[in-house]
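**Student:** Dropping the structure in here first, questions after.
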Amino acid sequence: MSETEPPKKKLRPARKQVLPGQVDKKQEVQTGKEYNIWYNKWAGGDREDSYSNKVKSQTRCNVARDSGYTRAQTTGMKYCCLFFARGCCPYGFECEYLHVLPSAATQLPDTSKDCFAREKFSDYRDDMGGVGTFTRENRTLYVGRIKENGPGEETEEIVRRHFQEWGEIDRMRVLQHRGVAFVTYVSEYSAQFAKESMACQSLDNDEILNVRWATEDPNPTTKVIEKRRLEDIGKDAISNRMDPKIIDAVRQIRALEDGVILEPEEPDVYGAEEQQSEEDDQPPVKKQRIEKPGALLSSETMEGLRYYAELRKKQAASAKAKPAARVNPLALTAGYGSDSD
């Protein structure tokens, strides 16, 4: 380790957020005859907004106080603890999942699961709740039921202060006098963690937030920006996995097929540089080409491709320079004579 690099801070053991029996579990009031496990509510009951019957969460995660190392650091588990995000994990350092925030550089082994190892689905629920879908990367959360007691700038500052605790925020928009905000994170994993951490929580005015996934932004400018971002991510992922030798060989072959001689960008693969002699009349040392170790195409193959490219260019140039043969119109009727002949 160099002198300029600060020593890495060691994680302390994860704290047990709650004690057994500390959280009071209240059974949900039955409003229907059948319980829908997909929507986690009773079916066939009142059509009123379910959030009118919601109660404030009894626990909340405090990252600075609760995060630390668990058994996941030794077992190689890559997923976060769902109950840690909700602030009610009773296991602490004995938990089998991570008790840390996911970052933008986090790479999970299975993209069909969220950061809590829950299976995603092919489409969103009708209420835009739940785990989400694997067909689209969604980094934006819809935050409803915000109580506004001041101007829009003050509300935006309150929302940003509470939601930036879970990850870096890319952009945010607050709809004033409507109690709604849209928070877009840099990483989708941060949005997944924040959605569970802020569900049924309050900001500064003792409200009960409605946090769910946001629908796709209809703004054309935002669509173009998101499309370019995804294309850049795809290009970087493909280029990082491909062998640079194959990329260079394909580039040279395509250039030669188009009749363009493209000199490969490669380091000096020749022999040693000419040694400077004290005598001016000493002949220079002849350079000898050394094959690049592990090269995909040999020097003979490249010379042959260059030769055929030059030959094609010469043939194309001669075909353009050669004048078209003039045809005598009388020669076409030479075989046809009149009866008098």
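The chains in the structure tokens are called A, B, ... from first to last as shown; in each chain the residues are counted from 1, and the ligands are counted from 1 in the order shown.
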Contacts of range 173-182 of chain A at 7 Å or less, counting only C-alpha atoms, minus same-chain residues fewer than 3 places along, as a PDB file with N, CA and C atoms, in the first residue's frame?

**Tutor:**
```pdb
ATOM      1  N   THR A 140     -36.598   4.640 -11.469  1.00  0.00           N
ATOM      2  CA  THR A 140     -37.412   5.745 -10.981  1.00  0.00           C
ATOM      3  C   THR A 140     -38.507   5.227 -10.068  1.00  0.00           C
ATOM      4  N   LEU A 141     -38.697   5.917  -8.944  1.00  0.00           N
ATOM      5  CA  LEU A 141     -39.735   5.596  -7.986  1.00  0.00           C
ATOM      6  C   LEU A 141     -40.797   6.686  -7.977  1.00  0.00           C
ATOM      7  N   TYR A 142     -42.023   6.262  -7.836  1.00  0.00           N
ATOM      8  CA  TYR A 142     -43.150   7.177  -7.633  1.00  0.00           C
ATOM      9  C   TYR A 142     -43.372   7.298  -6.127  1.00  0.00           C
ATOM     10  N   VAL A 143     -43.360   8.512  -5.623  1.00  0.00           N
ATOM     11  CA  VAL A 143     -43.547   8.768  -4.193  1.00  0.00           C
ATOM     12  C   VAL A 143     -44.798   9.623  -4.041  1.00  0.00           C
ATOM     13  N   GLY A 144     -45.838   9.058  -3.465  1.00  0.00           N
ATOM     14  CA  GLY A 144     -47.099   9.771  -3.295  1.00  0.00           C
ATOM     15  C   GLY A 144     -47.434  10.016  -1.841  1.00  0.00           C
ATOM     16  N   ARG A 145     -48.498  10.786  -1.630  1.00  0.00           N
ATOM     17  CA  ARG A 145     -49.021  11.135  -0.303  1.00  0.00           C
ATOM     18  C   ARG A 145     -48.019  11.968   0.505  1.00  0.00           C
ATOM     19  N   ILE A 146     -47.334  12.879  -0.161  1.00  0.00           N
ATOM     20  CA  ILE A 146     -46.406  13.777   0.525  1.00  0.00           C
ATOM     21  C   ILE A 146     -47.190  14.984   1.038  1.00  0.00           C
ATOM     22  N   LYS A 147     -46.994  15.321   2.291  1.00  0.00           N
ATOM     23  CA  LYS A 147     -47.626  16.514   2.859  1.00  0.00           C
ATOM     24  C   LYS A 147     -46.721  17.717   2.635  1.00  0.00           C
ATOM     25  N   GLU A 148     -47.264  18.718   1.948  1.00  0.00           N
ATOM     26  CA  GLU A 148     -46.490  19.915   1.624  1.00  0.00           C
ATOM     27  C   GLU A 148     -46.910  21.041   2.554  1.00  0.00           C
ATOM     28  N   GLY A 152     -42.276  24.624  -3.352  1.00  0.00           N
ATOM     29  CA  GLY A 152     -41.764  23.430  -4.009  1.00  0.00           C
ATOM     30  C   GLY A 152     -40.309  23.156  -3.709  1.00  0.00           C
ATOM     31  N   GLU A 156     -38.838  19.684  -2.220  1.00  0.00           N
ATOM     32  CA  GLU A 156     -37.794  18.941  -2.939  1.00  0.00           C
ATOM     33  C   GLU A 156     -36.590  18.677  -2.045  1.00  0.00           C
TER      34      GLU A 156
END
```

**Student:** Find the spatial neighbours of Leu101 in chain A, counting only C-alpha atoms, within a cut-off of 12 Å - ignore same-chain residues fewer than 6 positions away - and output them as a ChimeraX atom specification.

**Tutor:** /A:61-64,66-69,78-82,84-85,115-116,164-168,187,189-194,197

**Student:** With N, CA, C and O atoms kept, could you save the residues just selected as a compact mmCIF listing (two decimals), in the first residue's frame?

**Tutor:**
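As a result, selection-v1.txt now contains:
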```txt
# COMPACT_ATOMS: atom_id res chain seq x y z
N CYS A 61 -34.65 1.57 8.65
CA CYS A 61 -33.22 1.27 8.57
C CYS A 61 -32.40 2.55 8.76
O CYS A 61 -32.71 3.59 8.17
N ASN A 62 -31.37 2.44 9.56
CA ASN A 62 -30.40 3.52 9.73
C ASN A 62 -29.05 2.98 9.24
O ASN A 62 -28.40 2.19 9.93
N VAL A 63 -28.67 3.37 8.03
CA VAL A 63 -27.50 2.78 7.39
C VAL A 63 -26.24 3.03 8.20
O VAL A 63 -25.40 2.13 8.38
N ALA A 64 -26.06 4.24 8.71
CA ALA A 64 -24.84 4.56 9.45
C ALA A 64 -24.72 3.74 10.73
O ALA A 64 -23.61 3.42 11.17
N ASP A 66 -26.72 0.68 11.41
CA ASP A 66 -27.06 -0.75 11.31
C ASP A 66 -26.16 -1.53 10.37
O ASP A 66 -26.11 -2.77 10.47
N SER A 67 -25.50 -0.90 9.41
CA SER A 67 -24.72 -1.64 8.41
C SER A 67 -23.46 -2.22 9.05
O SER A 67 -22.93 -1.70 10.03
N GLY A 68 -22.97 -3.31 8.47
CA GLY A 68 -21.78 -3.98 8.95
C GLY A 68 -21.61 -5.32 8.26
O GLY A 68 -22.38 -5.68 7.36
N TYR A 69 -20.60 -6.07 8.68
CA TYR A 69 -20.34 -7.34 8.03
C TYR A 69 -21.20 -8.44 8.66
O TYR A 69 -21.55 -8.40 9.86
N LYS A 78 -24.23 -12.43 -2.53
CA LYS A 78 -24.21 -11.11 -3.18
C LYS A 78 -25.48 -10.31 -2.96
O LYS A 78 -25.56 -9.16 -3.39
N TYR A 79 -26.48 -10.89 -2.31
CA TYR A 79 -27.77 -10.22 -2.19
C TYR A 79 -27.92 -9.59 -0.80
O TYR A 79 -27.35 -10.07 0.17
N CYS A 80 -28.72 -8.52 -0.76
CA CYS A 80 -28.95 -7.79 0.49
C CYS A 80 -30.10 -8.41 1.27
O CYS A 80 -30.94 -9.13 0.72
N CYS A 81 -30.12 -8.11 2.54
CA CYS A 81 -31.18 -8.60 3.43
C CYS A 81 -32.40 -7.69 3.30
O CYS A 81 -32.29 -6.47 3.49
N LEU A 82 -33.54 -8.27 2.99
CA LEU A 82 -34.77 -7.50 2.84
C LEU A 82 -35.21 -6.89 4.17
O LEU A 82 -35.66 -5.74 4.23
N PHE A 84 -33.22 -6.12 6.63
CA PHE A 84 -32.30 -5.03 6.96
C PHE A 84 -32.76 -3.74 6.31
O PHE A 84 -32.69 -2.66 6.93
N ALA A 85 -33.22 -3.81 5.07
CA ALA A 85 -33.72 -2.61 4.39
C ALA A 85 -34.96 -2.05 5.09
O ALA A 85 -35.16 -0.83 5.13
N CYS A 115 -32.15 -7.04 -5.92
CA CYS A 115 -31.01 -7.05 -5.01
C CYS A 115 -31.29 -7.83 -3.74
O CYS A 115 -30.38 -8.07 -2.94
N PHE A 116 -32.56 -8.26 -3.53
CA PHE A 116 -32.92 -9.07 -2.36
C PHE A 116 -33.12 -10.54 -2.74
O PHE A 116 -33.69 -11.30 -1.95
N GLN A 164 -31.81 10.30 -0.57
CA GLN A 164 -30.41 10.15 -0.94
C GLN A 164 -29.64 9.28 0.05
O GLN A 164 -28.48 8.96 -0.19
N GLU A 165 -30.29 8.91 1.14
CA GLU A 165 -29.66 8.01 2.10
C GLU A 165 -29.46 6.62 1.51
O GLU A 165 -28.57 5.88 1.94
N TRP A 166 -30.25 6.26 0.50
CA TRP A 166 -30.22 4.89 -0.03
C TRP A 166 -29.40 4.77 -1.30
O TRP A 166 -29.28 3.66 -1.84
N GLY A 167 -28.85 5.84 -1.83
CA GLY A 167 -28.04 5.77 -3.03
C GLY A 167 -27.96 7.11 -3.72
O GLY A 167 -28.66 8.07 -3.37
N GLU A 168 -27.10 7.17 -4.72
CA GLU A 168 -26.90 8.42 -5.47
C GLU A 168 -28.10 8.69 -6.37
O GLU A 168 -28.54 7.82 -7.13
N SER A 187 -28.43 3.91 -9.99
CA SER A 187 -28.45 2.46 -10.10
C SER A 187 -29.85 1.93 -9.82
O SER A 187 -30.57 2.45 -8.97
N TYR A 189 -30.42 -0.93 -8.51
CA TYR A 189 -30.37 -1.59 -7.21
C TYR A 189 -30.65 -0.60 -6.08
O TYR A 189 -31.27 -0.96 -5.08
N SER A 190 -30.20 0.63 -6.23
CA SER A 190 -30.50 1.65 -5.22
C SER A 190 -32.00 1.93 -5.18
O SER A 190 -32.56 2.15 -4.10
N ALA A 191 -32.64 1.95 -6.36
CA ALA A 191 -34.09 2.16 -6.39
C ALA A 191 -34.83 1.00 -5.74
O ALA A 191 -35.83 1.21 -5.02
N GLN A 192 -34.38 -0.22 -5.95
CA GLN A 192 -35.01 -1.37 -5.31
C GLN A 192 -34.88 -1.30 -3.79
O GLN A 192 -35.83 -1.59 -3.06
N PHE A 193 -33.69 -0.92 -3.32
CA PHE A 193 -33.47 -0.82 -1.88
C PHE A 193 -34.31 0.31 -1.29
O PHE A 193 -34.92 0.15 -0.22
N ALA A 194 -34.36 1.46 -1.95
CA ALA A 194 -35.11 2.60 -1.44
C ALA A 194 -36.61 2.32 -1.42
O ALA A 194 -37.32 2.78 -0.53
N SER A 197 -37.19 0.37 1.68
CA SER A 197 -36.83 1.10 2.90
C SER A 197 -37.82 2.21 3.23
O SER A 197 -38.05 2.52 4.40
```

**Student:** Could you find all residues in range 98-174 of chain A that DSSP calls strand (DSSP E) from the backbone, and write them as a ChimeraX atom specification?

**Tutor:** /A:140-144,169-174

**Student:** Run DSSP on the backbone and give me the residues of range 172-239 of chain A it puts in helix (DSSP H, G or I), as an MDAnalysis selection string.

**Tutor:** chainID A and resid 188:197 220:239

**Student:** How many Å lie between CA of Val224 in chain A and CA of Ser239 in chain A, rounded to one decimal?

**Tutor:**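 Rounded to one decimal, the two atoms are 22.4 Å apart.
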
**Student:** For a test of reading the model, state the distance in Å between CA of Asp236 in chain A and CA of Glu119 in chain A, rounded to one decimal.

**Tutor:**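 Calculated distance between CA of Asp236 in chain A and CA of Glu119 in chain A is 26.4 Å.
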
**Student:** So how far away is CA of Arg136 in chain A from CA of Arg118 in chain A, in Å?

**Tutor:**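 Interatomic distance, CA of Arg118 in chain A to CA of Arg136 in chain A: 16.0 Å.
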
**Student:** Point out the residue among A:Glu157, A:Glu231, A:Asp123, A:Asp243 with the least atom-to-atom distance to Trp213 in chain A, counting only C-alpha atoms.

**Tutor:**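 Once distances to Trp213 in chain A are computed over only C-alpha atoms, the minimum belongs to A:Asp123.
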
**Student:** Do a neighbour search on Leu203 in chain A at 8 Å with only C-alpha atoms, toss out local chain neighbours closer than 2 positions, and write the hits as an MDAnalysis selection string.

**Tutor:** chainID A and resid 146 158:159 162 201 205:207

**Student:** Choose the residue, out of A:Arg171, A:Arg229, A:Lys56, A:Lys245, that has the smallest atom-to-atom separation from Glu137 in chain A; count only C-alpha atoms.

**Tutor:**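 The closest residue to Glu137 in chain A is A:Arg229.
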
**Student:** Would you mind listing what lies within 9 Å of Thr111 in chain A as a PyMOL selection string, with only C-alpha atoms counted and same-chain residues fewer than 3 positions away left out?

**Tutor:** chain A and resi 107-108+114+120+134

**Student:** Limited to N, CA and C atoms, could you put the picked residues into a file as a short mmCIF file (atom, residue, chain, number, x, y, z; two decimals), in the first residue's frame?

**Tutor:**
```cif
data_model
loop_
_atom_site.label_atom_id
_atom_site.label_comp_id
_atom_site.auth_asym_id
_atom_site.auth_seq_id
_atom_site.Cartn_x
_atom_site.Cartn_y
_atom_site.Cartn_z
N GLN A 107 -22.62 -6.12 -9.20
CA GLN A 107 -22.96 -7.05 -10.27
C GLN A 107 -23.51 -8.32 -9.64
N LEU A 108 -24.79 -8.56 -9.89
CA LEU A 108 -25.44 -9.74 -9.33
C LEU A 108 -25.32 -10.92 -10.28
N ASP A 114 -33.99 -9.33 -8.07
CA ASP A 114 -33.64 -8.01 -7.58
C ASP A 114 -32.51 -8.13 -6.56
N LYS A 120 -38.04 -11.66 -10.33
CA LYS A 120 -38.83 -10.66 -11.04
C LYS A 120 -39.85 -11.35 -11.93
N PHE A 134 -38.40 -7.91 -15.26
CA PHE A 134 -37.06 -8.05 -15.81
C PHE A 134 -36.97 -7.58 -17.26
#
```

**Student:** Can you work out which one of A:Asp110, A:Ala117, A:Asp170, A:Arg12 has the shortest atom-to-atom distance to Phe93 in chain A, counting only C-alpha atoms?

**Tutor:**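 Once distances to Phe93 in chain A are computed over only C-alpha atoms, the minimum belongs to A:Arg12.
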